[in-house]
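One file, coords31.pdb, is given below (PDB, C-alpha atoms).
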```pdb
ATOM      1  CA  ALA O  27     -13.636  21.805 -16.071
ATOM      2  CA  TYR O  28     -12.710  24.312 -13.363
ATOM      3  CA  ILE O  29     -15.300  23.215 -10.801
ATOM      4  CA  PRO O  30     -13.442  20.211  -9.271
ATOM      5  CA  PRO O  31     -10.083  21.950  -8.743
ATOM      6  CA  SER O  32     -11.902  25.040  -7.502
ATOM      7  CA  LEU O  33     -14.035  23.184  -4.940
ATOM      8  CA  ALA O  34     -11.396  20.696  -3.748
ATOM      9  CA  PRO O  35      -9.467  23.270  -1.660
ATOM     10  CA  LEU O  36     -12.741  24.258   0.011
ATOM     11  CA  PHE O  37     -13.342  20.639   1.081
ATOM     12  CA  MET O  38      -9.762  20.406   2.305
ATOM     13  CA  ALA O  39     -10.024  23.699   4.187
ATOM     14  CA  PHE O  40     -13.250  22.542   5.849
ATOM     15  CA  GLY O  41     -11.498  19.309   6.889
ATOM     16  CA  LEU O  42      -8.613  21.245   8.428
ATOM     17  CA  TRP O  43     -10.992  23.681  10.128
ATOM     18  CA  TRP O  44     -12.996  20.789  11.586
ATOM     19  CA  ALA O  45      -9.799  19.130  12.845
ATOM     20  CA  ALA O  46      -8.629  22.384  14.423
ATOM     21  CA  THR O  47     -11.954  23.036  16.147
ATOM     22  CA  HIS O  48     -12.705  19.410  17.106
ATOM     23  CA  PRO O  49      -9.338  17.883  18.075
ATOM     24  CA  GLY O  50      -9.183  14.204  18.908
ATOM     25  CA  PRO O  51      -7.415  12.639  21.876
ATOM     26  CA  ASP O  52      -4.034  13.145  20.155
ATOM     27  CA  GLY O  53      -4.749  16.670  18.929
ATOM     28  CA  MET O  54      -5.105  17.297  15.199
ATOM     29  CA  ASP O  55      -4.513  13.677  14.198
ATOM     30  CA  LEU O  56      -6.867  13.141  11.259
ATOM     31  CA  GLY O  57      -6.985   9.440  12.088
ATOM     32  CA  ASP O  58      -8.938  10.328  15.227
ATOM     33  CA  ILE O  59     -11.287  12.813  13.519
ATOM     34  CA  PRO O  60     -13.230  10.924  10.807
ATOM     35  CA  LEU O  61     -15.211  13.874   9.429
ATOM     36  CA  ALA O  62     -12.079  16.008   9.053
ATOM     37  CA  GLN O  63     -10.234  13.121   7.446
ATOM     38  CA  ALA O  64     -13.098  12.472   5.030
ATOM     39  CA  PHE O  65     -13.269  16.078   3.817
ATOM     40  CA  TRP O  66      -9.491  16.501   3.615
ATOM     41  CA  SER O  67      -9.024  13.185   1.777
ATOM     42  CA  PHE O  68     -11.917  13.816  -0.605
ATOM     43  CA  GLY O  69     -10.545  17.216  -1.626
ATOM     44  CA  PHE O  70      -7.026  15.853  -1.979
ATOM     45  CA  CYS O  71      -8.194  12.918  -4.130
ATOM     46  CA  VAL O  72     -10.213  15.240  -6.368
ATOM     47  CA  LEU O  73      -7.061  17.294  -6.991
ATOM     48  CA  LEU O  74      -4.954  14.213  -7.635
ATOM     49  CA  LEU O  75      -7.494  12.784 -10.060
ATOM     50  CA  ARG O  76      -7.576  16.071 -11.987
ATOM     51  CA  ILE O  77      -3.807  16.276 -12.398
ATOM     52  CA  SER O  78      -2.951  12.581 -12.732
ATOM     53  CA  PRO O  79      -0.904  11.967 -15.865
ATOM     54  CA  GLN O  80      -1.600   9.075 -18.215
ATOM     55  CA  TRP O  81       1.803   7.429 -18.505
ATOM     56  CA  ASP O  82       2.507   4.235 -20.378
ATOM     57  CA  ARG O  83       5.998   4.295 -18.847
ATOM     58  CA  LEU O  84       7.417   6.289 -15.982
ATOM     59  CA  PRO O  85       9.479   9.248 -17.215
ATOM     60  CA  GLY O  86      13.202   9.850 -16.838
ATOM     61  CA  ARG O  87      14.916   8.558 -13.723
ATOM     62  CA  LEU O  88      11.664   7.010 -12.497
ATOM     63  CA  ALA O  89      11.723   4.548 -15.419
ATOM     64  CA  ARG O  90      13.872   2.142 -13.391
ATOM     65  CA  TYR O  91      10.861   1.589 -11.081
ATOM     66  CA  ASP O  92       8.467   0.850 -13.932
ATOM     67  CA  LYS O  93       8.365  -2.931 -13.379
ATOM     68  CA  LEU O  94       7.869  -2.546  -9.632
ATOM     69  CA  VAL O  95       5.060  -0.013 -10.104
ATOM     70  CA  THR O  96       3.422  -2.232 -12.739
ATOM     71  CA  LEU O  97       3.614  -5.216 -10.376
ATOM     72  CA  ALA O  98       2.136  -3.216  -7.487
ATOM     73  CA  ASN O  99      -0.645  -1.823  -9.680
ATOM     74  CA  SER O 100      -1.426  -5.227 -11.168
ATOM     75  CA  ARG O 101      -1.582  -6.852  -7.725
ATOM     76  CA  ALA O 102      -2.938  -3.973  -5.610
ATOM     77  CA  VAL O 103      -5.904  -5.975  -4.289
ATOM     78  CA  THR O 104      -3.733  -8.996  -3.495
ATOM     79  CA  ILE O 105      -1.231  -6.794  -1.657
ATOM     80  CA  TYR O 106      -4.006  -5.058   0.268
ATOM     81  CA  LEU O 107      -5.795  -8.261   1.216
ATOM     82  CA  TRP O 108      -2.737 -10.362   2.081
ATOM     83  CA  HIS O 109      -0.194  -7.927   3.581
ATOM     84  CA  GLU O 110      -1.658  -8.346   7.058
ATOM     85  CA  MET O 111      -1.474 -12.136   6.742
ATOM     86  CA  ALA O 112       2.186 -11.787   5.724
ATOM     87  CA  LEU O 113       2.817  -9.709   8.848
ATOM     88  CA  VAL O 114       1.083 -12.291  11.034
ATOM     89  CA  ALA O 115       2.961 -15.136   9.326
ATOM     90  CA  SER O 116       6.292 -13.425  10.020
ATOM     91  CA  ILE O 117       5.800 -13.768  13.791
ATOM     92  CA  PRO O 118       6.110 -17.565  14.081
ATOM     93  CA  LEU O 119       8.989 -17.420  11.602
ATOM     94  CA  LEU O 120      10.894 -14.919  13.765
ATOM     95  CA  ASP O 121      10.020 -16.306  17.191
ATOM     96  CA  PRO O 122      12.640 -19.107  17.024
ATOM     97  CA  LEU O 123      15.287 -16.353  17.205
ATOM     98  CA  TRP O 124      14.498 -16.144  20.931
ATOM     99  CA  LYS O 125      15.609 -19.778  21.334
ATOM    100  CA  ILE O 126      19.139 -19.164  20.028
ATOM    101  CA  PRO O 127      21.519 -19.848  22.932
ATOM    102  CA  GLY O 128      22.608 -16.633  24.601
ATOM    103  CA  VAL O 129      19.826 -14.467  23.149
ATOM    104  CA  TRP O 130      17.440 -14.840  26.081
ATOM    105  CA  PRO O 131      17.826 -13.102  28.496
ATOM    106  CA  ASP O 132      21.264 -11.623  27.683
ATOM    107  CA  HIS O 133      20.334  -9.912  24.379
ATOM    108  CA  ALA O 134      16.565  -9.717  24.709
ATOM    109  CA  ASP O 135      16.593  -5.908  24.399
ATOM    110  CA  LEU O 136      18.559  -6.082  21.151
ATOM    111  CA  LEU O 137      16.253  -8.688  19.654
ATOM    112  CA  THR O 138      13.197  -6.740  20.794
ATOM    113  CA  SER O 139      14.510  -3.614  19.034
ATOM    114  CA  LEU O 140      15.348  -5.595  15.883
ATOM    115  CA  TYR O 141      11.992  -7.388  15.736
ATOM    116  CA  PRO O 142      10.058  -4.703  13.744
ATOM    117  CA  PRO O 143      12.780  -4.252  11.100
ATOM    118  CA  LEU O 144      13.107  -8.032  10.786
ATOM    119  CA  MET O 145       9.336  -8.321  10.334
ATOM    120  CA  PHE O 146       9.492  -5.627   7.653
ATOM    121  CA  LEU O 147      12.233  -7.502   5.793
ATOM    122  CA  LEU O 148      10.455 -10.847   6.075
ATOM    123  CA  VAL O 149       7.073  -9.514   4.934
ATOM    124  CA  TRP O 150       8.332  -8.815   1.393
ATOM    125  CA  PRO O 151       9.242 -12.397   0.422
ATOM    126  CA  LEU O 152       6.036 -13.617   2.097
ATOM    127  CA  LEU O 153       4.040 -11.075   0.103
ATOM    128  CA  ALA O 154       5.809 -12.247  -3.056
ATOM    129  CA  LEU O 155       4.639 -15.791  -2.262
ATOM    130  CA  PHE O 156       1.058 -14.562  -1.871
ATOM    131  CA  ILE O 157       1.304 -12.637  -5.157
ATOM    132  CA  VAL O 158       2.414 -15.794  -6.991
ATOM    133  CA  ALA O 159      -0.064 -18.049  -5.168
ATOM    134  CA  VAL O 160      -3.264 -16.012  -5.457
ATOM    135  CA  GLY O 161      -2.511 -12.824  -7.411
ATOM    136  CA  TRP O 162      -3.489 -14.384 -10.713
ATOM    137  CA  ALA O 163      -7.109 -14.244  -9.489
ATOM    138  CA  GLU O 164      -7.019 -10.475 -10.114
ATOM    139  CA  ASP O 165      -6.277 -11.140 -13.776
ATOM    140  CA  VAL O 166      -9.123 -13.643 -14.006
ATOM    141  CA  ALA O 167     -11.513 -11.178 -12.334
ATOM    142  CA  ALA O 168     -10.460  -8.460 -14.801
ATOM    143  CA  LYS O 169     -10.857 -10.848 -17.759
ATOM    144  CA  ARG O 170      -7.131 -10.777 -18.503
ATOM    145  CA  ARG O 171      -4.818 -13.679 -19.217
ATOM    146  CA  PRO O 172      -3.569 -14.885 -15.794
ATOM    147  CA  ARG O 173       0.069 -14.065 -15.004
ATOM    148  CA  LEU O 174       2.117 -15.105 -11.986
ATOM    149  CA  TRP O 175       4.422 -12.077 -11.812
ATOM    150  CA  PRO O 176       3.150  -9.174 -13.961
ATOM    151  CA  THR O 177       5.880  -6.626 -14.644
ATOM    152  CA  ARG O 178       4.509  -5.443 -17.979
ATOM    153  CA  PRO O 179       1.020  -3.991 -18.502
ATOM    154  CA  ALA O 180      -1.429  -6.683 -19.563
ATOM    155  CA  LYS O 181      -3.370  -6.597 -22.779
ATOM    156  CA  ARG O 182      -7.069  -7.070 -22.296
ATOM    157  CA  SER O 183      -8.442 -10.404 -23.315
ATOM    158  CA  ARG O 184     -11.163 -10.575 -25.964
ATOM    159  CA  ARG O 185     -13.247 -12.890 -23.795
ATOM    160  CA  VAL O 186     -16.696 -11.656 -22.908
TER     161      VAL O 186
END
```

For the structure just supplied, provide its representation as structure tokens.
Amino acid sequence: AYIPPSLAPLFMAFGLWWAATHPGPDGMDLGDIPLAQAFWSFGFCVLLLRISPQWDRLPGRLARYDKLVTLANSRAVTIYLWHEMALVASIPLLDPLWKIPGVWPDHADLLTSLYPPLMFLLVWPLLALFIVAVGWAEDVAAKRRPRLWPTRPAKRSRRV
């Protein structure tokens, strides 16, 4: 019972030591030092898994996010697999902004600076479309009744 939380800090410490003694091109950026990142992340995940609460609903003020968290948890694979496609799809949807009279070349700098936030805003409705279009496949794979927009925890189906 005490072994995982006792060993996890040792893994994390080794990861930090490795990062400090083997810096990458950007210094101690764990993204550039795979071994350090692996040990740090492993130790951190072990700690999180040991202390993770089993909540049916989020407590207190967090309860207002319960439906959003349930949706994200129910469609985690869909979000992971399709978020990049939503980002890519936002580009041809935003590119016509450059053709608005007076934008190019007069306000090109403004549009260039607004492009990332606009992509961020556009990705969410695109991701919602992907969730509705293909997210139900996660329910089928988990032997649950398919749902288009799951905001309540699903009950397991009795199918075998």

Write out as a ChimeraX atom specification which residues come within 12 Å of stretch 150-164 of chain O when counting all atoms listed in the file, dropping same-chain ones fewer than 4 positions away. /O:94,97-117,119,143-146,168-176,180

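Distance check against O:Leu74 using only C-alpha atoms: of O:Pro60, O:Gly50, O:Gly41, O:Pro35, the minimum falls on O:Pro35.
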
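Coordinates place atom CA of O:Leu33 at a distance of 28.8 Å from atom CA of O:Asp52.
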
For a quick check of understanding, using all atoms listed in the file, which of O:Leu88, O:Ile29, O:Ala46, O:Ile126 has the smallest distance to O:Ala62? O:Ala46

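Interatomic distance, atom CA of O:Gly69 to atom CA of O:Tyr91: 28.1 Å.
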
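Taking atom CA of O:Ser67 and atom CA of O:Asp165 as endpoints, the distance between them is 29.0 Å.
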
Draw an axis-aligned box tight on the listed atoms of stretch 29-45 of chain O, then pad every side by 4 Å and write out centre and edge lengths in Å to one decimal as AutoDock Vina command-line options.
```
--center_x -12.0 --center_y 22.1 --center_z 1.0 --size_x 14.7 --size_y 13.9 --size_z 31.6
```

Counting only C-alpha atoms, figure out which residue out of O:Val95, O:Ile77, O:Leu61, O:Val149 gets nearest to O:Phe40. O:Leu61

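Using all atoms listed in the file, the residues found no farther than 12 Å from O:Asp82, other than those of its own chain fewer than 4 positions away, are Ala89, Asp92, Lys93, Val95, Thr96, Arg178, Pro179 and Ala180 of chain O.
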
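The residue that comes closest to O:Met38, out of O:Pro131, O:Phe70, O:Pro51, O:Arg76 and on the basis of all atoms listed in the file, is O:Phe70.
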
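Between O:Val72 and the candidates O:Leu56, O:Leu147, O:Ala34, O:Val166, the tightest atom-to-atom separation, counting only C-alpha atoms, involves O:Ala34.
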